[in-house]
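Peer 1: Just one file: coords-v2.pdb, with PDB, C-alpha atoms, pLDDT in the B column.
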ATOM      1  CA  LEU F   1      99.460 -79.509 129.391  1.00 61.00           C
ATOM      2  CA  GLN F   2     100.813 -79.425 132.942  1.00 66.00           C
ATOM      3  CA  SER F   3      97.666 -77.721 134.218  1.00 58.00           C
ATOM      4  CA  GLN F   4      95.575 -80.521 132.703  1.00 61.00           C
ATOM      5  CA  LYS F   5      97.769 -83.156 134.349  1.00 70.00           C
ATOM      6  CA  ASP F   6      97.425 -81.402 137.703  1.00 63.00           C
ATOM      7  CA  PHE F   7      93.681 -81.203 137.302  1.00 60.00           C
ATOM      8  CA  ILE F   8      93.384 -84.894 136.408  1.00 69.00           C
ATOM      9  CA  ALA F   9      95.380 -85.660 139.545  1.00 68.00           C
ATOM     10  CA  ALA F  10      93.006 -83.467 141.539  1.00 63.00           C
ATOM     11  CA  PHE F  11      89.985 -85.268 140.132  1.00 67.00           C
ATOM     12  CA  THR F  12      91.510 -88.660 140.954  1.00 73.00           C
ATOM     13  CA  HIS F  13      92.094 -87.509 144.511  1.00 68.00           C
ATOM     14  CA  GLU F  14      88.520 -86.280 144.822  1.00 66.00           C
ATOM     15  CA  VAL F  15      86.940 -89.597 143.816  1.00 74.00           C
ATOM     16  CA  LYS F  16      89.292 -91.947 145.673  1.00 75.00           C
ATOM     17  CA  THR F  17      87.930 -91.509 149.194  1.00 71.00           C
ATOM     18  CA  PRO F  18      84.192 -91.749 148.417  1.00 77.00           C
ATOM     19  CA  MET F  19      84.759 -94.653 146.051  1.00 83.00           C
ATOM     20  CA  THR F  20      86.629 -96.551 148.778  1.00 84.00           C
ATOM     21  CA  ALA F  21      83.795 -95.848 151.228  1.00 82.00           C
ATOM     22  CA  MET F  22      81.176 -96.928 148.697  1.00 87.00           C
ATOM     23  CA  LEU F  23      82.979-100.228 148.155  1.00 89.00           C
ATOM     24  CA  GLY F  24      83.089-100.698 151.922  1.00 89.00           C
ATOM     25  CA  TYR F  25      79.347-100.116 152.256  1.00 90.00           C
ATOM     26  CA  ALA F  26      78.685-102.485 149.359  1.00 93.00           C
ATOM     27  CA  ASP F  27      80.700-105.192 151.144  1.00 93.00           C
ATOM     28  CA  LEU F  28      78.660-104.594 154.309  1.00 91.00           C
ATOM     29  CA  MET F  29      75.446-105.021 152.343  1.00 93.00           C
ATOM     30  CA  ARG F  30      76.696-108.313 150.922  1.00 94.00           C
ATOM     31  CA  ALA F  31      77.880-109.556 154.329  1.00 93.00           C
ATOM     32  CA  ALA F  32      74.640-108.723 156.169  1.00 91.00           C
ATOM     33  CA  PRO F  33      71.760-109.035 153.682  1.00 91.00           C
ATOM     34  CA  ASP F  34      69.196-109.512 156.487  1.00 91.00           C
ATOM     35  CA  ASP F  35      70.076-106.340 158.410  1.00 92.00           C
ATOM     36  CA  ALA F  36      67.441-103.903 157.140  1.00 93.00           C
ATOM     37  CA  ASP F  37      68.860-100.857 158.944  1.00 93.00           C
ATOM     38  CA  LEU F  38      72.371-101.487 157.649  1.00 91.00           C
ATOM     39  CA  GLN F  39      71.051-102.097 154.139  1.00 93.00           C
ATOM     40  CA  ARG F  40      69.151 -98.795 154.224  1.00 92.00           C
ATOM     41  CA  GLU F  41      72.076 -96.806 155.644  1.00 90.00           C
ATOM     42  CA  SER F  42      74.528 -98.282 153.152  1.00 91.00           C
ATOM     43  CA  ALA F  43      72.209 -97.791 150.173  1.00 92.00           C
ATOM     44  CA  ASN F  44      71.562 -94.160 151.138  1.00 90.00           C
ATOM     45  CA  TYR F  45      75.276 -93.399 151.391  1.00 86.00           C
ATOM     46  CA  ILE F  46      76.062 -95.100 148.092  1.00 90.00           C
ATOM     47  CA  TYR F  47      73.167 -93.323 146.367  1.00 88.00           C
ATOM     48  CA  HIS F  48      74.067 -89.822 147.585  1.00 83.00           C
ATOM     49  CA  GLU F  49      77.779 -90.228 146.902  1.00 80.00           C
ATOM     50  CA  THR F  50      77.147 -91.687 143.434  1.00 85.00           C
ATOM     51  CA  ARG F  51      74.945 -88.730 142.542  1.00 79.00           C
ATOM     52  CA  ARG F  52      77.501 -86.273 143.918  1.00 73.00           C
ATOM     53  CA  LEU F  53      80.389 -87.899 142.052  1.00 78.00           C
ATOM     54  CA  GLU F  54      78.411 -88.073 138.819  1.00 76.00           C
ATOM     55  CA  GLU F  55      77.651 -84.358 138.992  1.00 65.00           C
ATOM     56  CA  LEU F  56      81.130 -83.417 140.154  1.00 65.00           C
ATOM     57  CA  SER F  57      82.845 -85.416 137.424  1.00 68.00           C
ATOM     58  CA  ARG F  58      80.962 -83.531 134.718  1.00 62.00           C
ATOM     59  CA  ARG F  59      81.836 -80.180 136.285  1.00 56.00           C
ATOM     60  CA  LEU F  60      85.518 -80.967 136.814  1.00 59.00           C
ATOM     61  CA  LEU F  61      86.008 -82.353 133.342  1.00 61.00           C
ATOM     62  CA  ALA F  62      84.397 -79.206 131.909  1.00 52.00           C
ATOM     63  CA  LEU F  63      86.820 -77.059 133.885  1.00 54.00           C
ATOM     64  CA  MET F  64      89.999 -78.911 132.950  1.00 59.00           C
ATOM     65  CA  GLY F  65      92.485 -76.521 131.424  1.00 50.00           C
ATOM     66  CA  LEU F  66      90.040 -73.603 131.557  1.00 48.00           C
ATOM     67  CA  ASP F  67      90.590 -70.314 133.373  1.00 52.00           C
ATOM     68  CA  ALA F  68      87.359 -68.633 132.294  1.00 49.00           C
ATOM     69  CA  ALA F  69      84.050 -69.019 134.069  1.00 49.00           C
ATOM     70  CA  ASP F  70      81.973 -69.365 130.897  1.00 58.00           C
ATOM     71  CA  ARG F  71      81.819 -73.159 131.237  1.00 67.00           C
ATOM     72  CA  LEU F  72      80.295 -73.135 134.712  1.00 80.00           C
ATOM     73  CA  THR F  73      76.660 -74.018 135.238  1.00 85.00           C
ATOM     74  CA  PRO F  74      75.598 -71.428 137.815  1.00 92.00           C
ATOM     75  CA  GLU F  75      72.173 -71.555 139.391  1.00 93.00           C
ATOM     76  CA  PRO F  76      70.380 -69.572 142.106  1.00 95.00           C
ATOM     77  CA  VAL F  77      70.647 -71.413 145.413  1.00 95.00           C
ATOM     78  CA  SER F  78      70.246 -70.557 149.086  1.00 95.00           C
ATOM     79  CA  ASP F  79      73.248 -70.454 151.358  1.00 96.00           C
ATOM     80  CA  ARG F  80      71.494 -72.759 153.834  1.00 95.00           C
ATOM     81  CA  SER F  81      70.924 -75.369 151.122  1.00 95.00           C
ATOM     82  CA  LEU F  82      74.612 -75.278 150.195  1.00 97.00           C
ATOM     83  CA  LEU F  83      75.811 -75.542 153.795  1.00 97.00           C
ATOM     84  CA  ASN F  84      73.408 -78.390 154.567  1.00 95.00           C
ATOM     85  CA  GLN F  85      74.585 -80.265 151.489  1.00 95.00           C
ATOM     86  CA  VAL F  86      78.218 -79.861 152.553  1.00 96.00           C
ATOM     87  CA  VAL F  87      77.534 -81.436 155.955  1.00 95.00           C
ATOM     88  CA  ARG F  88      75.471 -84.213 154.356  1.00 92.00           C
ATOM     89  CA  SER F  89      78.369 -85.088 152.040  1.00 91.00           C
ATOM     90  CA  LEU F  90      81.029 -85.422 154.751  1.00 92.00           C
ATOM     91  CA  PRO F  91      82.425 -88.915 155.434  1.00 86.00           C
ATOM     92  CA  GLN F  92      80.263 -90.735 157.950  1.00 83.00           C
ATOM     93  CA  GLY F  93      81.641 -90.576 161.471  1.00 90.00           C
ATOM     94  CA  SER F  94      84.053 -87.746 160.710  1.00 92.00           C
ATOM     95  CA  THR F  95      84.455 -85.237 163.511  1.00 94.00           C
ATOM     96  CA  PRO F  96      84.025 -82.602 164.680  1.00 97.00           C
ATOM     97  CA  VAL F  97      80.667 -82.102 162.972  1.00 96.00           C
ATOM     98  CA  PRO F  98      80.519 -78.489 161.757  1.00 98.00           C
ATOM     99  CA  ARG F  99      78.128 -76.008 163.287  1.00 98.00           C
ATOM    100  CA  ILE F 100      76.092 -74.305 160.547  1.00 98.00           C
ATOM    101  CA  ILE F 101      75.247 -70.608 160.652  1.00 98.00           C
ATOM    102  CA  ALA F 102      73.334 -69.356 157.581  1.00 97.00           C
ATOM    103  CA  CYS F 103      71.977 -65.904 156.815  1.00 95.00           C
ATOM    104  CA  ASP F 104      69.315 -67.281 154.431  1.00 92.00           C
ATOM    105  CA  CYS F 105      70.503 -65.370 151.414  1.00 94.00           C
ATOM    106  CA  ALA F 106      70.601 -66.385 147.744  1.00 95.00           C
ATOM    107  CA  VAL F 107      73.719 -66.717 145.585  1.00 97.00           C
ATOM    108  CA  GLN F 108      74.391 -67.870 142.046  1.00 96.00           C
ATOM    109  CA  VAL F 109      77.080 -70.540 141.876  1.00 96.00           C
ATOM    110  CA  ASP F 110      77.789 -73.875 140.284  1.00 92.00           C
ATOM    111  CA  ARG F 111      76.223 -75.972 143.052  1.00 93.00           C
ATOM    112  CA  ALA F 112      78.314 -79.134 142.646  1.00 87.00           C
ATOM    113  CA  LEU F 113      81.629 -77.275 142.527  1.00 88.00           C
ATOM    114  CA  TRP F 114      80.790 -74.810 145.311  1.00 95.00           C
ATOM    115  CA  VAL F 115      79.700 -77.627 147.625  1.00 94.00           C
ATOM    116  CA  ASP F 116      82.847 -79.594 146.809  1.00 88.00           C
ATOM    117  CA  MET F 117      85.024 -76.567 147.577  1.00 92.00           C
ATOM    118  CA  LEU F 118      83.391 -76.064 150.985  1.00 96.00           C
ATOM    119  CA  ARG F 119      83.488 -79.820 151.622  1.00 94.00           C
ATOM    120  CA  ASN F 120      87.243 -79.920 150.982  1.00 89.00           C
ATOM    121  CA  LEU F 121      87.809 -76.982 153.290  1.00 95.00           C
ATOM    122  CA  THR F 122      85.699 -78.654 155.995  1.00 96.00           C
ATOM    123  CA  ILE F 123      87.561 -81.956 155.709  1.00 92.00           C
ATOM    124  CA  ASN F 124      90.853 -80.058 155.981  1.00 92.00           C
ATOM    125  CA  ALA F 125      89.490 -78.422 159.124  1.00 95.00           C
ATOM    126  CA  GLN F 126      88.522 -81.814 160.563  1.00 95.00           C
ATOM    127  CA  HIS F 127      92.048 -83.082 159.978  1.00 92.00           C
ATOM    128  CA  ALA F 128      93.440 -79.978 161.701  1.00 94.00           C
ATOM    129  CA  CYS F 129      91.236 -80.671 164.742  1.00 96.00           C
ATOM    130  CA  LYS F 130      92.350 -84.267 165.235  1.00 94.00           C
ATOM    131  CA  GLY F 131      93.721 -84.951 168.694  1.00 93.00           C
ATOM    132  CA  ILE F 132      92.767 -81.503 170.015  1.00 96.00           C
ATOM    133  CA  ALA F 133      90.260 -81.662 172.864  1.00 96.00           C
ATOM    134  CA  GLY F 134      87.282 -79.376 172.375  1.00 96.00           C
ATOM    135  CA  ALA F 135      88.280 -78.368 168.842  1.00 97.00           C
ATOM    136  CA  ALA F 136      85.335 -77.118 166.783  1.00 98.00           C
ATOM    137  CA  ILE F 137      84.409 -76.137 163.221  1.00 98.00           C
ATOM    138  CA  THR F 138      81.963 -73.458 162.129  1.00 98.00           C
ATOM    139  CA  LEU F 139      80.554 -73.410 158.610  1.00 98.00           C
ATOM    140  CA  ARG F 140      79.022 -69.981 158.115  1.00 98.00           C
ATOM    141  CA  CYS F 141      77.579 -67.630 155.535  1.00 98.00           C
ATOM    142  CA  GLN F 142      77.000 -64.008 156.469  1.00 97.00           C
ATOM    143  CA  GLN F 143      75.854 -61.005 154.498  1.00 96.00           C
ATOM    144  CA  GLN F 144      78.206 -58.057 154.178  1.00 97.00           C
ATOM    145  CA  GLY F 145      76.469 -55.417 152.099  1.00 95.00           C
ATOM    146  CA  SER F 146      75.756 -56.968 148.718  1.00 95.00           C
ATOM    147  CA  THR F 147      78.157 -59.860 149.315  1.00 97.00           C
ATOM    148  CA  ALA F 148      77.712 -63.331 150.792  1.00 98.00           C
ATOM    149  CA  VAL F 149      80.808 -64.330 152.749  1.00 98.00           C
ATOM    150  CA  PHE F 150      81.241 -68.082 153.219  1.00 98.00           C
ATOM    151  CA  THR F 151      83.582 -69.069 156.055  1.00 98.00           C
ATOM    152  CA  VAL F 152      85.066 -72.352 157.228  1.00 98.00           C
ATOM    153  CA  ALA F 153      86.681 -71.741 160.619  1.00 98.00           C
ATOM    154  CA  ASP F 154      88.323 -74.250 162.965  1.00 98.00           C
ATOM    155  CA  THR F 155      90.076 -74.167 166.322  1.00 98.00           C
ATOM    156  CA  GLY F 156      92.579 -76.810 165.264  1.00 97.00           C
ATOM    157  CA  CYS F 157      96.349 -76.917 165.012  1.00 95.00           C
ATOM    158  CA  GLY F 158      96.721 -73.952 162.643  1.00 95.00           C
ATOM    159  CA  ILE F 159      99.298 -73.482 159.887  1.00 94.00           C
ATOM    160  CA  PRO F 160     102.892 -72.314 160.502  1.00 93.00           C
ATOM    161  CA  ASP F 161     103.661 -68.889 159.039  1.00 92.00           C
ATOM    162  CA  ALA F 162     106.388 -70.342 156.819  1.00 90.00           C
ATOM    163  CA  ASP F 163     103.938 -72.763 155.176  1.00 89.00           C
ATOM    164  CA  LEU F 164     100.965 -70.423 154.775  1.00 89.00           C
ATOM    165  CA  PRO F 165     102.037 -68.870 151.419  1.00 85.00           C
ATOM    166  CA  ARG F 166     102.381 -72.327 149.830  1.00 82.00           C
ATOM    167  CA  VAL F 167      99.353 -74.255 151.107  1.00 86.00           C
ATOM    168  CA  THR F 168      97.360 -73.718 147.895  1.00 78.00           C
ATOM    169  CA  GLU F 169     100.114 -75.211 145.723  1.00 71.00           C
ATOM    170  CA  ALA F 170      99.230 -78.592 144.257  1.00 57.00           C
ATOM    171  CA  PHE F 171     100.804 -81.483 146.195  1.00 49.00           C
ATOM    172  CA  TYR F 172     102.158 -79.229 148.958  1.00 57.00           C
ATOM    173  CA  MET F 173     101.523 -80.690 152.431  1.00 63.00           C
ATOM    174  CA  VAL F 174     102.362 -78.925 155.687  1.00 66.00           C
ATOM    175  CA  ASP F 175     102.713 -82.137 157.714  1.00 61.00           C
ATOM    176  CA  LYS F 176     103.588 -84.788 155.148  1.00 47.00           C
ATOM    177  CA  SER F 177     103.539 -87.802 157.487  1.00 42.00           C
ATOM    178  CA  ARG F 178     100.193 -86.818 159.014  1.00 46.00           C
ATOM    179  CA  SER F 179      98.662 -85.951 155.639  1.00 45.00           C
ATOM    180  CA  ARG F 180      99.624 -89.284 154.137  1.00 37.00           C
ATOM    181  CA  ALA F 181      98.220 -91.106 157.172  1.00 41.00           C
ATOM    182  CA  ASP F 182      94.928 -89.282 156.577  1.00 49.00           C
ATOM    183  CA  GLY F 183      94.950 -90.217 152.889  1.00 43.00           C
ATOM    184  CA  GLY F 184      95.811 -86.721 151.719  1.00 45.00           C
ATOM    185  CA  SER F 185      97.895 -85.747 148.700  1.00 42.00           C
ATOM    186  CA  GLY F 186      98.050 -81.955 148.913  1.00 49.00           C
ATOM    187  CA  ILE F 187      95.482 -81.449 146.161  1.00 58.00           C
ATOM    188  CA  GLY F 188      92.443 -80.243 148.089  1.00 71.00           C
ATOM    189  CA  LEU F 189      93.336 -76.574 148.586  1.00 82.00           C
ATOM    190  CA  ALA F 190      94.681 -76.280 145.041  1.00 77.00           C
ATOM    191  CA  LEU F 191      91.349 -77.512 143.743  1.00 80.00           C
ATOM    192  CA  CYS F 192      89.444 -75.158 146.066  1.00 87.00           C
ATOM    193  CA  THR F 193      91.507 -72.253 144.754  1.00 88.00           C
ATOM    194  CA  ARG F 194      90.686 -73.149 141.164  1.00 85.00           C
ATOM    195  CA  ILE F 195      86.973 -73.477 141.878  1.00 89.00           C
ATOM    196  CA  ALA F 196      86.937 -70.068 143.571  1.00 92.00           C
ATOM    197  CA  GLN F 197      88.815 -68.491 140.663  1.00 89.00           C
ATOM    198  CA  ALA F 198      86.361 -69.996 138.178  1.00 87.00           C
ATOM    199  CA  HIS F 199      83.616 -68.140 140.062  1.00 92.00           C
ATOM    200  CA  GLY F 200      85.522 -64.855 139.815  1.00 92.00           C
ATOM    201  CA  THR F 201      86.583 -64.825 143.448  1.00 96.00           C
ATOM    202  CA  GLN F 202      89.422 -66.103 145.618  1.00 96.00           C
ATOM    203  CA  LEU F 203      90.134 -67.858 148.882  1.00 96.00           C
ATOM    204  CA  GLN F 204      91.454 -65.895 151.828  1.00 97.00           C
ATOM    205  CA  ILE F 205      93.305 -68.037 154.371  1.00 97.00           C
ATOM    206  CA  ASP F 206      94.108 -66.701 157.833  1.00 97.00           C
ATOM    207  CA  SER F 207      95.787 -69.008 160.313  1.00 97.00           C
ATOM    208  CA  THR F 208      97.676 -68.961 163.583  1.00 96.00           C
ATOM    209  CA  GLU F 209      99.644 -72.010 164.645  1.00 95.00           C
ATOM    210  CA  GLY F 210      98.135 -73.515 167.759  1.00 95.00           C
ATOM    211  CA  VAL F 211      94.980 -71.400 167.459  1.00 96.00           C
ATOM    212  CA  GLY F 212      93.192 -72.380 164.240  1.00 97.00           C
ATOM    213  CA  THR F 213      92.450 -71.503 160.634  1.00 97.00           C
ATOM    214  CA  THR F 214      89.752 -69.461 158.917  1.00 98.00           C
ATOM    215  CA  VAL F 215      89.122 -69.641 155.162  1.00 98.00           C
ATOM    216  CA  THR F 216      86.721 -67.195 153.527  1.00 98.00           C
ATOM    217  CA  VAL F 217      85.344 -66.874 150.003  1.00 98.00           C
ATOM    218  CA  SER F 218      82.796 -64.311 148.813  1.00 98.00           C
ATOM    219  CA  VAL F 219      80.232 -64.026 146.026  1.00 98.00           C
ATOM    220  CA  PRO F 220      77.494 -61.490 145.220  1.00 96.00           C
ATOM    221  CA  ILE F 221      74.091 -61.886 146.800  1.00 96.00           C
ATOM    222  CA  LEU F 222      70.980 -62.388 144.677  1.00 93.00           C
ATOM    223  CA  SER F 223      67.462 -61.320 145.435  1.00 80.00           C
ATOM    224  CA  PRO F 224      65.530 -64.076 147.294  1.00 72.00           C
ATOM    225  CA  ASP F 225      62.952 -63.780 144.514  1.00 75.00           C
ATOM    226  CA  ASP F 226      65.510 -65.414 142.201  1.00 77.00           C
ATOM    227  CA  LEU F 227      65.452 -68.672 144.174  1.00 75.00           C
ATOM    228  CA  PRO F 228      63.466 -71.605 142.797  1.00 70.00           C
ATOM    229  CA  ALA F 229      60.644 -72.609 145.138  1.00 69.00           C
ATOM    230  CA  ALA F 230      62.243 -76.010 145.808  1.00 62.00           C
ATOM    231  CA  ASP F 231      65.360 -74.352 147.215  1.00 72.00           C
ATOM    232  CA  ALA F 232      63.860 -71.412 149.055  1.00 53.00           C
ATOM    233  CA  ASP F 233      63.587 -73.307 152.348  1.00 48.00           C
ATOM    234  CA  GLY F 234      67.203 -74.428 152.265  1.00 52.00           C
ATOM    235  CA  LYS F 235      66.463 -78.114 151.833  1.00 51.00           C
ATOM    236  CA  GLU F 236      69.100 -80.237 150.196  1.00 44.00           C
ATOM    237  CA  GLN F 237      68.513 -81.101 146.555  1.00 45.00           C
ATOM    238  CA  PRO F 238      68.228 -84.848 145.859  1.00 40.00           C
TER     239      PRO F 238
END
Do you think you could lay out the structure here as structure tokens?
Peer 2:
Amino acid sequence: LQSQKDFIAAFTHEVKTPMTAMLGYADLMRAAPDDADLQRESANYIYHETRRLEELSRRLLALMGLDAADRLTPEPVSDRSLLNQVVRSLPQGSTPVPRIIACDCAVQVDRALWVDMLRNLTINAQHACKGIAGAAITLRCQQQGSTAVFTVADTGCGIPDADLPRVTEAFYMVDKSRSRADGGSGIGLALCTRIAQAHGTQLQIDSTEGVGTTVTVSVPILSPDDLPAADADGKEQP
């Protein structure tokens, strides 16, 4: 019962920020109906976020209270497609914009959940980089033998050693005042951990205070022949 309550809280957290942004864009559209560029930009954001939330809601609800991976909907997908979709889904204007490094391999994951996991990790990295001149984020996938290793690395503030063992606990926040100011609730890493576990893997978090944080998660590589033609070039799915 408690795990279901925690997961409902996680889902609520996940939809709050994009829903607020979508309402903001809708207000802009109403306030400036003759601005074609603004109308197009706003409509595109609302469309993509609505599609992402629709897909994510189905996946999260299916996972509630489950520890097994038999309720996932895995599909063959290229690492470049996943990384591109993560960057496309980030809040508009958020910085630093991640640098993408793909190895053009194929993996089999639940696309909506895997993208949301990497998106959460990237947003955490952006928060860690705030106020730090020259801070950067790298979103990478590299092949190590038969494994695809996804990495979100930042040169932000880092995590104190005393906090590192607890950062994946639901509602735990390292810097509570800063996290609340950023709209955080300490759910993101807990959700990322659950998504990784549902895929039979786990997050590895390495961090040095004042230097930065690197989070890695690995899955087996598929043959490129297993990729659908529409995804083979790494383009984002609609």
Peer 1: Excluding same-chain residues fewer than 4 positions from F:Phe150, what lies within 7 Å of it counting all atoms listed in the file, as a VMD selection string?
Peer 2: chain F and resid 140 to 142 216 to 218
Peer 1: Contacts of F:Met22 at 8 Å or less, counting all atoms listed in the file, minus same-chain residues fewer than 4 places along, as a PyMOL selection string?
Peer 2: chain F and resi 18+26+45-46+49
Peer 1: Residues of the last selection are to be written out with C-alpha atoms, as a PDB file, in the coordinates of the input.
Peer 2:
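And here is the file that came out, out-v5.pdb:
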ATOM      1  CA  PRO F  18      84.192 -91.749 148.417  1.00 77.00           C
ATOM      2  CA  ALA F  26      78.685-102.485 149.359  1.00 93.00           C
ATOM      3  CA  TYR F  45      75.276 -93.399 151.391  1.00 86.00           C
ATOM      4  CA  ILE F  46      76.062 -95.100 148.092  1.00 90.00           C
ATOM      5  CA  GLU F  49      77.779 -90.228 146.902  1.00 80.00           C
TER       6      GLU F  49
END
Peer 1: Identify all residues satisfying the PyMOL selection byres ((chain F and resi 114) around 9) in the given file; provide them as a PyMOL selection string.
Peer 2: chain F and resi 82+109-113+115-119+192+195-196+199
Peer 1: I need the residue set behind the PyMOL selection byres ((chain F and resi 144-146) around 12) for this file; please write it as a VMD selection string.
Peer 2: chain F and resid 103 105 to 107 141 to 143 147 to 150 218 to 223
Peer 1: Can you turn the PyMOL selection byres ((chain F and resi 165) around 12) into a concrete residue list for this file, as an MDAnalysis selection string?
Peer 2: chainID F and resid 159:164 166:169 172:174 189 204:207
Peer 1: Padding 8 Å on every side, please: axis-aligned box over the listed atoms of stretch 119-136 of chain F, centre and edge lengths to one decimal in Å, as lines of an AutoDock Vina configuration file.
Peer 2:
center_x = 88.6
center_y = -81.0
center_z = 161.9
size_x = 26.2
size_y = 24.0
size_z = 37.9
Peer 1: Any idea what's packed within 10 Å of F:Gln126, counting only C-alpha atoms, ignoring anything in its chain fewer than 6 positions away? Could you give it as a list of chain:residue names?
Peer 2: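 Answer for this query is F:Ser94, F:Thr95, F:Pro96, F:Val97, F:Pro98, F:Asn120, F:Ala135, F:Ala136, F:Ile137, F:Asp154, F:Thr155, F:Gly156.
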Peer 1: In Å, how far is it from atom CA of F:Val86 to atom CA of F:Gly24?
Peer 2: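 Atom-to-atom, atom CA of F:Val86 to atom CA of F:Gly24, that is 21.4 Å.
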